[in-house]
Amino acid sequence: MLPSYISQISLEELKERKDKLYELLFECKLCPNECHVDRRISDNGNCRSGYLPVVSSYGPHFGEEPPLVGRFGSGTIFFTNCNLDCKFCQNYDISHYGVGREVSVNDLADMMLYLQNRGCHNINFVTPTHFTPQIVDALIIARERGLEIPLVYNCGGYESVETLRLLDKIIDIYMPDIKYSSNENALKYSGISNYWDIVQQAVKEMHRQVGDLVISSSGIAKRGLLIRHLVLPNDVAGSKKILDFIAKEISLNSYVNIMDQYRPVYLANNYPEINRSITRKEYIEVLNYAKEIGLHRGFDVY
């Protein structure tokens, strides 16, 4: 099963998509923040990023979901900065403190090919939203040099449908994190006033493009939607409403990783209601609810 950027789209159309994505960057509206900053000359937008991609690290990663990791790992490329402002970010050194280095598009293509040569099962772009044009630009180079493993778009869910449509037939696996089912909590804890409205539209578009997660007979994800949800203390995330949305408006066959690894880091100590880890009871309650409404993939019920 060849990835979609080989089997479903021509090189000429890939180049056209790249050009359209760069046009969005020049008065930046790649994401729903729509800062309208010309990122060729400025990094004053919400993501604090300029023209060149900034990478924190890259390499085989074995801490992702089993269908991504397989035997040889998921080929992760961690991009620096983010279009969200989460007060409890678990990777705050990268997303808020800007740990990383600028790289060229050719460097990015080299990283992809290196990860493929290491045997990784996919190229996993972590927090890619603000560097989408550069990623497609690098993909064109890498494809011409023999890249042929699936691409994973690993994001925070705050995505522009216009940008996502330009990624149709390019991205094989979408992996959004649905953080909240409340715009009010999203504003308080991530600085985004319309998160819940936007993430629903974005996840629907992702599912329209790739469908439910397809896993090979050897247990490796090839194409589809993989949803993450991090359970937060005191139900700040509104987990049950998120699961209802997935079950009713996406698919009961959705692969949903319900995560329990929240810890109070970065600025979480300024918010008493999230200044602790979640309890086992809080976590199990969410898992059991997912099962009750018919979801059944990506999580275990104890």
# chains A, B, ... in the order shown; residues from 1 in each chain; ligands from 1
call {"tool": "residues_around", "arguments": {"residues": "region 250-264 of chain A", "least_positions_apart": "3", "cutoff": "6 Å", "atoms": "only C-alpha atoms", "output": "MDAnalysis selection string"}}
result
chainID A and resid 212 226:231 246:247 268 275:277 295 297:299
call {"tool": "residues_around", "arguments": {"residues": "region 102-115 of chain A", "least_positions_apart": "4", "cutoff": "10 Å", "atoms": "only C-alpha atoms", "output": "VMD selection string"}}
result
chain A and resid 49 to 60 73 to 77 79 to 80 119 to 125 133 to 143 145 to 149 151
call {"tool": "closest_residue", "arguments": {"among": "A:Met175, A:Cys89, A:Leu232, A:Ile6", "to": "Pro128 (chain A)", "atoms": "only C-alpha atoms"}}
result
A:Met175
call {"tool": "residues_around", "arguments": {"residues": "Leu25 (chain A)", "least_positions_apart": "3", "cutoff": "10 Å", "atoms": "only C-alpha atoms", "output": "list in words"}}
result
Asp19, Lys20, Leu21, Tyr22, Cys28, Lys29, Leu30, Cys31, Glu34, Cys35, His36, Val37, Asp38, Arg39, Arg40, Gly50, Tyr51, His130, Phe131, Thr132, Pro133 and Gln134 of chain A
call {"tool": "residues_around", "arguments": {"residues": "Ser95 (chain A)", "least_positions_apart": "2", "cutoff": "12 Å", "atoms": "only C-alpha atoms", "output": "PyMOL selection string"}}
result
chain A and resi 46-49+54-56+78-93+97-100+126-128+130+156+266
call {"tool": "write_last_selection", "arguments": {"atoms": "N, CA, C and O atoms", "output": "compact mmCIF listing (two decimals), in the first residue's frame"}}
result
# COMPACT_ATOMS: atom_id res chain seq x y z
N ASN A 46 1.16 34.42 16.34
CA ASN A 46 0.91 33.61 17.54
C ASN A 46 1.91 32.48 17.70
O ASN A 46 2.26 32.11 18.82
N CYS A 47 2.36 31.93 16.60
CA CYS A 47 3.28 30.79 16.67
C CYS A 47 4.74 31.22 16.81
O CYS A 47 5.64 30.36 16.97
N ARG A 48 5.01 32.50 16.72
CA ARG A 48 6.36 33.04 16.91
C ARG A 48 7.38 32.41 15.97
O ARG A 48 8.53 32.19 16.32
N SER A 49 6.93 32.12 14.75
CA SER A 49 7.79 31.42 13.78
C SER A 49 7.92 32.23 12.50
O SER A 49 6.95 32.84 12.04
N VAL A 54 11.71 25.28 12.07
CA VAL A 54 12.55 25.12 13.26
C VAL A 54 12.27 23.74 13.85
O VAL A 54 11.11 23.41 14.13
N VAL A 55 13.32 22.95 14.01
CA VAL A 55 13.18 21.57 14.47
C VAL A 55 13.88 21.41 15.81
O VAL A 55 15.04 21.81 15.97
N SER A 56 13.18 20.82 16.74
CA SER A 56 13.75 20.56 18.06
C SER A 56 14.59 19.28 18.04
O SER A 56 15.70 19.24 18.57
N PHE A 78 10.13 16.68 15.53
CA PHE A 78 9.49 17.60 16.47
C PHE A 78 9.75 19.04 16.05
O PHE A 78 10.89 19.50 16.08
N PHE A 79 8.69 19.73 15.65
CA PHE A 79 8.83 21.14 15.28
C PHE A 79 8.70 22.03 16.51
O PHE A 79 7.92 21.76 17.43
N THR A 80 9.46 23.10 16.51
CA THR A 80 9.47 24.06 17.60
C THR A 80 8.32 25.07 17.44
O THR A 80 7.94 25.41 16.32
N ASN A 81 7.81 25.54 18.58
CA ASN A 81 6.71 26.52 18.66
C ASN A 81 5.37 25.86 18.35
O ASN A 81 5.30 24.69 17.98
N CYS A 82 4.30 26.64 18.50
CA CYS A 82 2.95 26.08 18.41
C CYS A 82 1.96 27.20 18.18
O CYS A 82 2.22 28.35 18.53
N ASN A 83 0.79 26.85 17.62
CA ASN A 83 -0.25 27.86 17.41
C ASN A 83 -1.23 27.93 18.58
O ASN A 83 -2.19 28.69 18.55
N LEU A 84 -0.97 27.14 19.62
CA LEU A 84 -1.75 27.20 20.86
C LEU A 84 -0.88 27.75 21.98
O LEU A 84 0.35 27.82 21.85
N ASP A 85 -1.51 28.10 23.09
CA ASP A 85 -0.79 28.67 24.23
C ASP A 85 -1.20 27.94 25.51
O ASP A 85 -1.67 28.55 26.47
N CYS A 86 -1.03 26.63 25.52
CA CYS A 86 -1.50 25.81 26.63
C CYS A 86 -0.67 26.05 27.88
O CYS A 86 0.56 25.92 27.86
N LYS A 87 -1.36 26.38 28.97
CA LYS A 87 -0.68 26.72 30.22
C LYS A 87 -0.09 25.49 30.91
O LYS A 87 0.74 25.65 31.82
N PHE A 88 -0.48 24.31 30.46
CA PHE A 88 0.01 23.07 31.07
C PHE A 88 0.79 22.22 30.07
O PHE A 88 0.92 21.01 30.26
N CYS A 89 1.29 22.82 29.01
CA CYS A 89 1.90 22.06 27.92
C CYS A 89 2.95 21.08 28.44
O CYS A 89 3.88 21.45 29.17
N GLN A 90 2.80 19.83 28.03
CA GLN A 90 3.71 18.78 28.48
C GLN A 90 5.07 18.86 27.77
O GLN A 90 6.03 18.24 28.21
N ASN A 91 5.13 19.62 26.68
CA ASN A 91 6.40 19.82 25.95
C ASN A 91 6.72 21.32 25.89
O ASN A 91 7.12 21.84 24.85
N TYR A 92 6.56 22.01 27.01
CA TYR A 92 6.64 23.47 27.01
C TYR A 92 8.01 24.00 26.61
O TYR A 92 8.14 25.11 26.11
N ASP A 93 9.07 23.22 26.83
CA ASP A 93 10.40 23.69 26.43
C ASP A 93 10.49 23.89 24.93
O ASP A 93 11.17 24.81 24.44
N TYR A 97 9.30 27.76 24.93
CA TYR A 97 10.65 28.32 25.10
C TYR A 97 11.45 28.30 23.81
O TYR A 97 12.56 28.83 23.76
N GLY A 98 10.93 27.67 22.77
CA GLY A 98 11.56 27.75 21.45
C GLY A 98 12.83 26.95 21.29
O GLY A 98 13.69 27.31 20.47
N VAL A 99 12.96 25.86 22.04
CA VAL A 99 14.17 25.03 21.92
C VAL A 99 14.18 24.36 20.55
O VAL A 99 13.25 23.63 20.19
N GLY A 100 15.20 24.61 19.77
CA GLY A 100 15.31 24.04 18.44
C GLY A 100 16.23 24.86 17.56
O GLY A 100 16.77 25.87 18.00
N VAL A 126 5.41 16.29 14.29
CA VAL A 126 4.83 16.67 15.57
C VAL A 126 4.74 18.20 15.66
O VAL A 126 5.73 18.90 15.54
N THR A 127 3.54 18.70 15.85
CA THR A 127 3.20 20.13 15.83
C THR A 127 3.62 20.75 14.49
O THR A 127 4.44 21.66 14.44
N PRO A 128 3.02 20.30 13.40
CA PRO A 128 3.44 20.74 12.06
C PRO A 128 2.69 21.95 11.52
O PRO A 128 3.10 22.51 10.49
N HIS A 130 2.19 25.17 11.72
CA HIS A 130 2.75 26.45 11.29
C HIS A 130 3.87 26.30 10.27
O HIS A 130 4.38 27.31 9.76
N GLY A 156 -2.44 19.64 17.44
CA GLY A 156 -3.27 19.98 18.59
C GLY A 156 -4.73 20.18 18.27
O GLY A 156 -5.52 20.54 19.15
N TYR A 266 4.80 23.57 33.57
CA TYR A 266 4.78 24.91 32.99
C TYR A 266 4.03 25.86 33.92
O TYR A 266 4.50 26.11 35.03
call {"tool": "select_by_dssp", "arguments": {"residues": "region 14-197 of chain A", "states": "helix (DSSP H, G or I)", "output": "PyMOL selection string"}}
result
chain A and resi 14-26+66-69+92-95+105-117+129-144+161-166+183-190+195-197
call {"tool": "write_last_selection", "arguments": {"atoms": "C-alpha atoms", "output": "mmCIF file, in the first residue's frame"}}
result
data_model
loop_
_atom_site.group_PDB
_atom_site.id
_atom_site.type_symbol
_atom_site.label_atom_id
_atom_site.label_comp_id
_atom_site.auth_asym_id
_atom_site.auth_seq_id
_atom_site.Cartn_x
_atom_site.Cartn_y
_atom_site.Cartn_z
ATOM 1 C CA LEU A 14 2.029 18.528 -5.245
ATOM 2 C CA LYS A 15 3.966 21.548 -6.471
ATOM 3 C CA GLU A 16 0.726 23.470 -7.010
ATOM 4 C CA ARG A 17 -0.392 22.641 -3.458
ATOM 5 C CA LYS A 18 2.968 23.793 -2.125
ATOM 6 C CA ASP A 19 2.592 27.143 -3.883
ATOM 7 C CA LYS A 20 -0.928 27.633 -2.488
ATOM 8 C CA LEU A 21 0.268 26.829 1.030
ATOM 9 C CA TYR A 22 3.110 29.340 0.746
ATOM 10 C CA GLU A 23 0.566 31.950 -0.334
ATOM 11 C CA LEU A 24 -1.209 31.398 2.989
ATOM 12 C CA LEU A 25 2.111 31.930 4.776
ATOM 13 C CA PHE A 26 2.839 35.322 3.233
ATOM 14 C CA PRO A 66 1.565 0.777 18.913
ATOM 15 C CA PRO A 67 0.276 0.949 15.298
ATOM 16 C CA LEU A 68 2.694 3.827 14.652
ATOM 17 C CA VAL A 69 5.670 2.361 16.506
ATOM 18 C CA TYR A 92 6.642 23.469 27.008
ATOM 19 C CA ASP A 93 10.404 23.689 26.435
ATOM 20 C CA ILE A 94 9.758 23.161 22.723
ATOM 21 C CA SER A 95 6.395 24.868 22.278
ATOM 22 C CA VAL A 105 13.783 22.640 3.332
ATOM 23 C CA ASN A 106 16.554 20.398 1.993
ATOM 24 C CA ASP A 107 17.566 19.572 5.559
ATOM 25 C CA LEU A 108 13.983 18.606 6.294
ATOM 26 C CA ALA A 109 13.900 16.295 3.277
ATOM 27 C CA ASP A 110 17.162 14.717 4.457
ATOM 28 C CA MET A 111 15.582 14.039 7.868
ATOM 29 C CA MET A 112 12.653 12.241 6.253
ATOM 30 C CA LEU A 113 14.928 10.038 4.168
ATOM 31 C CA TYR A 114 17.184 9.338 7.146
ATOM 32 C CA LEU A 115 14.194 8.148 9.186
ATOM 33 C CA GLN A 116 13.035 5.914 6.332
ATOM 34 C CA ASN A 117 16.526 4.467 6.010
ATOM 35 C CA THR A 129 0.645 23.307 11.594
ATOM 36 C CA HIS A 130 2.750 26.452 11.293
ATOM 37 C CA PHE A 131 5.291 24.824 8.945
ATOM 38 C CA THR A 132 2.894 23.080 6.563
ATOM 39 C CA PRO A 133 4.189 24.763 3.353
ATOM 40 C CA GLN A 134 7.783 23.894 4.163
ATOM 41 C CA ILE A 135 6.803 20.292 4.925
ATOM 42 C CA VAL A 136 5.148 19.860 1.525
ATOM 43 C CA ASP A 137 8.114 21.584 -0.113
ATOM 44 C CA ALA A 138 10.476 19.108 1.577
ATOM 45 C CA LEU A 139 8.180 16.204 0.710
ATOM 46 C CA ILE A 140 8.527 16.962 -2.996
ATOM 47 C CA ILE A 141 12.313 16.700 -2.699
ATOM 48 C CA ALA A 142 12.127 13.554 -0.573
ATOM 49 C CA ARG A 143 9.609 11.868 -2.869
ATOM 50 C CA GLU A 144 11.867 12.444 -5.861
ATOM 51 C CA VAL A 161 -10.100 23.519 7.062
ATOM 52 C CA GLU A 162 -8.704 25.522 4.116
ATOM 53 C CA THR A 163 -5.185 24.354 4.957
ATOM 54 C CA LEU A 164 -6.322 20.778 5.579
ATOM 55 C CA ARG A 165 -7.960 20.646 2.147
ATOM 56 C CA LEU A 166 -4.621 21.508 0.597
ATOM 57 C CA ASN A 183 -14.592 27.263 24.285
ATOM 58 C CA GLU A 184 -14.442 28.930 27.706
ATOM 59 C CA ASN A 185 -11.920 26.442 29.083
ATOM 60 C CA ALA A 186 -9.933 26.548 25.855
ATOM 61 C CA LEU A 187 -9.639 30.329 26.230
ATOM 62 C CA LYS A 188 -8.625 30.051 29.879
ATOM 63 C CA TYR A 189 -6.043 27.303 29.518
ATOM 64 C CA SER A 190 -4.872 27.603 25.879
ATOM 65 C CA TYR A 195 -11.244 25.940 19.943
ATOM 66 C CA TRP A 196 -14.255 23.615 20.304
ATOM 67 C CA ASP A 197 -15.965 25.087 17.254
#
call {"tool": "residues_around", "arguments": {"residues": "Met1 (chain A)", "least_positions_apart": "6", "cutoff": "12 Å", "atoms": "only C-alpha atoms", "output": "ChimeraX atom specification"}}
result
/A:7-8,148-150,172,214-216,220-223
call {"tool": "closest_residue", "arguments": {"among": "A:Pro233, A:Gly157, A:Gly70, A:Gly211", "to": "Ile192 (chain A)", "atoms": "only C-alpha atoms"}}
result
A:Gly157
call {"tool": "select_by_dssp", "arguments": {"residues": "region 11-192 of chain A", "states": "strand (DSSP E)", "output": "number ranges by chain"}}
result
A: 54-61, 74-79, 101-102, 123-126, 151-155, 173-176
call {"tool": "write_last_selection", "arguments": {"atoms": "N, CA and C atoms", "output": "PDB file, in the first residue's frame"}}
result
ATOM      1  N   VAL A  54      11.709  25.275  12.073  1.00  0.00           N
ATOM      2  CA  VAL A  54      12.553  25.120  13.259  1.00  0.00           C
ATOM      3  C   VAL A  54      12.271  23.739  13.846  1.00  0.00           C
ATOM      4  N   VAL A  55      13.320  22.946  14.006  1.00  0.00           N
ATOM      5  CA  VAL A  55      13.178  21.566  14.468  1.00  0.00           C
ATOM      6  C   VAL A  55      13.880  21.406  15.810  1.00  0.00           C
ATOM      7  N   SER A  56      13.178  20.823  16.742  1.00  0.00           N
ATOM      8  CA  SER A  56      13.753  20.559  18.055  1.00  0.00           C
ATOM      9  C   SER A  56      14.585  19.280  18.043  1.00  0.00           C
ATOM     10  N   SER A  57      14.043  18.219  17.448  1.00  0.00           N
ATOM     11  CA  SER A  57      14.765  16.943  17.375  1.00  0.00           C
ATOM     12  C   SER A  57      14.077  16.051  16.359  1.00  0.00           C
ATOM     13  N   TYR A  58      14.758  14.987  15.965  1.00  0.00           N
ATOM     14  CA  TYR A  58      14.151  13.995  15.084  1.00  0.00           C
ATOM     15  C   TYR A  58      14.815  12.653  15.330  1.00  0.00           C
ATOM     16  N   GLY A  59      14.069  11.586  15.076  1.00  0.00           N
ATOM     17  CA  GLY A  59      14.607  10.253  15.269  1.00  0.00           C
ATOM     18  C   GLY A  59      13.505   9.226  15.451  1.00  0.00           C
ATOM     19  N   PRO A  60      13.844   7.947  15.479  1.00  0.00           N
ATOM     20  CA  PRO A  60      12.847   6.907  15.758  1.00  0.00           C
ATOM     21  C   PRO A  60      12.293   7.088  17.168  1.00  0.00           C
ATOM     22  N   HIS A  61      10.979   6.996  17.295  1.00  0.00           N
ATOM     23  CA  HIS A  61      10.320   7.210  18.588  1.00  0.00           C
ATOM     24  C   HIS A  61       9.497   5.969  18.913  1.00  0.00           C
ATOM     25  N   SER A  74       8.372   5.036  15.186  1.00  0.00           N
ATOM     26  CA  SER A  74       7.760   6.097  14.387  1.00  0.00           C
ATOM     27  C   SER A  74       8.817   7.163  14.147  1.00  0.00           C
ATOM     28  N   GLY A  75       8.955   7.589  12.902  1.00  0.00           N
ATOM     29  CA  GLY A  75      10.014   8.545  12.548  1.00  0.00           C
ATOM     30  C   GLY A  75       9.598   9.970  12.848  1.00  0.00           C
ATOM     31  N   THR A  76       9.772  10.388  14.084  1.00  0.00           N
ATOM     32  CA  THR A  76       9.260  11.683  14.517  1.00  0.00           C
ATOM     33  C   THR A  76      10.199  12.840  14.179  1.00  0.00           C
ATOM     34  N   ILE A  77       9.586  13.939  13.753  1.00  0.00           N
ATOM     35  CA  ILE A  77      10.268  15.218  13.593  1.00  0.00           C
ATOM     36  C   ILE A  77       9.508  16.214  14.458  1.00  0.00           C
ATOM     37  N   PHE A  78      10.134  16.684  15.533  1.00  0.00           N
ATOM     38  CA  PHE A  78       9.493  17.599  16.471  1.00  0.00           C
ATOM     39  C   PHE A  78       9.749  19.041  16.048  1.00  0.00           C
ATOM     40  N   PHE A  79       8.693  19.734  15.654  1.00  0.00           N
ATOM     41  CA  PHE A  79       8.830  21.141  15.282  1.00  0.00           C
ATOM     42  C   PHE A  79       8.698  22.030  16.514  1.00  0.00           C
ATOM     43  N   ARG A 101      16.373  24.444  16.315  1.00  0.00           N
ATOM     44  CA  ARG A 101      17.243  25.170  15.388  1.00  0.00           C
ATOM     45  C   ARG A 101      16.576  25.292  14.024  1.00  0.00           C
ATOM     46  N   GLU A 102      16.832  26.399  13.364  1.00  0.00           N
ATOM     47  CA  GLU A 102      16.323  26.580  12.016  1.00  0.00           C
ATOM     48  C   GLU A 102      17.008  25.610  11.067  1.00  0.00           C
ATOM     49  N   ILE A 123       6.674   8.813   8.745  1.00  0.00           N
ATOM     50  CA  ILE A 123       7.252  10.107   9.110  1.00  0.00           C
ATOM     51  C   ILE A 123       6.187  10.846   9.918  1.00  0.00           C
ATOM     52  N   ASN A 124       6.503  11.134  11.171  1.00  0.00           N
ATOM     53  CA  ASN A 124       5.537  11.670  12.130  1.00  0.00           C
ATOM     54  C   ASN A 124       5.893  13.130  12.423  1.00  0.00           C
ATOM     55  N   PHE A 125       5.147  14.046  11.806  1.00  0.00           N
ATOM     56  CA  PHE A 125       5.379  15.473  12.003  1.00  0.00           C
ATOM     57  C   PHE A 125       4.658  15.925  13.276  1.00  0.00           C
ATOM     58  N   VAL A 126       5.414  16.289  14.290  1.00  0.00           N
ATOM     59  CA  VAL A 126       4.832  16.669  15.574  1.00  0.00           C
ATOM     60  C   VAL A 126       4.739  18.196  15.658  1.00  0.00           C
ATOM     61  N   LEU A 151       2.838   9.481   5.903  1.00  0.00           N
ATOM     62  CA  LEU A 151       3.045  10.722   6.641  1.00  0.00           C
ATOM     63  C   LEU A 151       1.978  10.859   7.720  1.00  0.00           C
ATOM     64  N   VAL A 152       2.415  11.222   8.931  1.00  0.00           N
ATOM     65  CA  VAL A 152       1.523  11.414  10.069  1.00  0.00           C
ATOM     66  C   VAL A 152       1.495  12.900  10.421  1.00  0.00           C
ATOM     67  N   TYR A 153       0.290  13.462  10.513  1.00  0.00           N
ATOM     68  CA  TYR A 153       0.100  14.870  10.878  1.00  0.00           C
ATOM     69  C   TYR A 153      -0.368  14.896  12.326  1.00  0.00           C
ATOM     70  N   ASN A 154       0.564  15.139  13.242  1.00  0.00           N
ATOM     71  CA  ASN A 154       0.372  15.012  14.687  1.00  0.00           C
ATOM     72  C   ASN A 154       0.194  16.409  15.281  1.00  0.00           C
ATOM     73  N   CYS A 155      -1.065  16.795  15.543  1.00  0.00           N
ATOM     74  CA  CYS A 155      -1.344  18.207  15.829  1.00  0.00           C
ATOM     75  C   CYS A 155      -2.246  18.382  17.046  1.00  0.00           C
ATOM     76  N   ILE A 173      -2.059   9.765   7.617  1.00  0.00           N
ATOM     77  CA  ILE A 173      -2.602   9.543   8.954  1.00  0.00           C
ATOM     78  C   ILE A 173      -2.701  10.886   9.670  1.00  0.00           C
ATOM     79  N   TYR A 174      -3.905  11.265  10.022  1.00  0.00           N
ATOM     80  CA  TYR A 174      -4.099  12.457  10.856  1.00  0.00           C
ATOM     81  C   TYR A 174      -4.195  12.022  12.314  1.00  0.00           C
ATOM     82  N   MET A 175      -3.480  12.749  13.182  1.00  0.00           N
ATOM     83  CA  MET A 175      -3.481  12.425  14.604  1.00  0.00           C
ATOM     84  C   MET A 175      -3.704  13.691  15.427  1.00  0.00           C
ATOM     85  N   PRO A 176      -4.949  14.178  15.465  1.00  0.00           N
ATOM     86  CA  PRO A 176      -5.244  15.371  16.262  1.00  0.00           C
ATOM     87  C   PRO A 176      -5.454  15.022  17.729  1.00  0.00           C
TER      88      PRO A 176
END
call {"tool": "closest_residue", "arguments": {"among": "A:Val236, A:Ile242, A:Ile278, A:Ile178", "to": "Ala290 (chain A)", "atoms": "only C-alpha atoms"}}
result
A:Ile242
call {"tool": "atom_distance", "arguments": {"atom1": "CA of Glu12 (chain A)", "atom2": "CA of Glu159 (chain A)"}}
result
25.2 Å
call {"tool": "closest_residue", "arguments": {"among": "A:Asp300, A:Asp177, A:Asp244, A:Asp235", "to": "Ile274 (chain A)", "atoms": "only C-alpha atoms"}}
result
A:Asp235
call {"tool": "closest_residue", "arguments": {"among": "A:Leu243, A:Leu2, A:Val203, A:Val265", "to": "Gly294 (chain A)", "atoms": "only C-alpha atoms"}}
result
A:Leu243
call {"tool": "atom_distance", "arguments": {"atom1": "CA of Pro32 (chain A)", "atom2": "CA of Tyr158 (chain A)"}}
result
6.9 Å
call {"tool": "closest_residue", "arguments": {"among": "A:Thr279, A:Ser181, A:Ser4, A:Gln201", "to": "Asn234 (chain A)", "atoms": "only C-alpha atoms"}}
result
A:Thr279
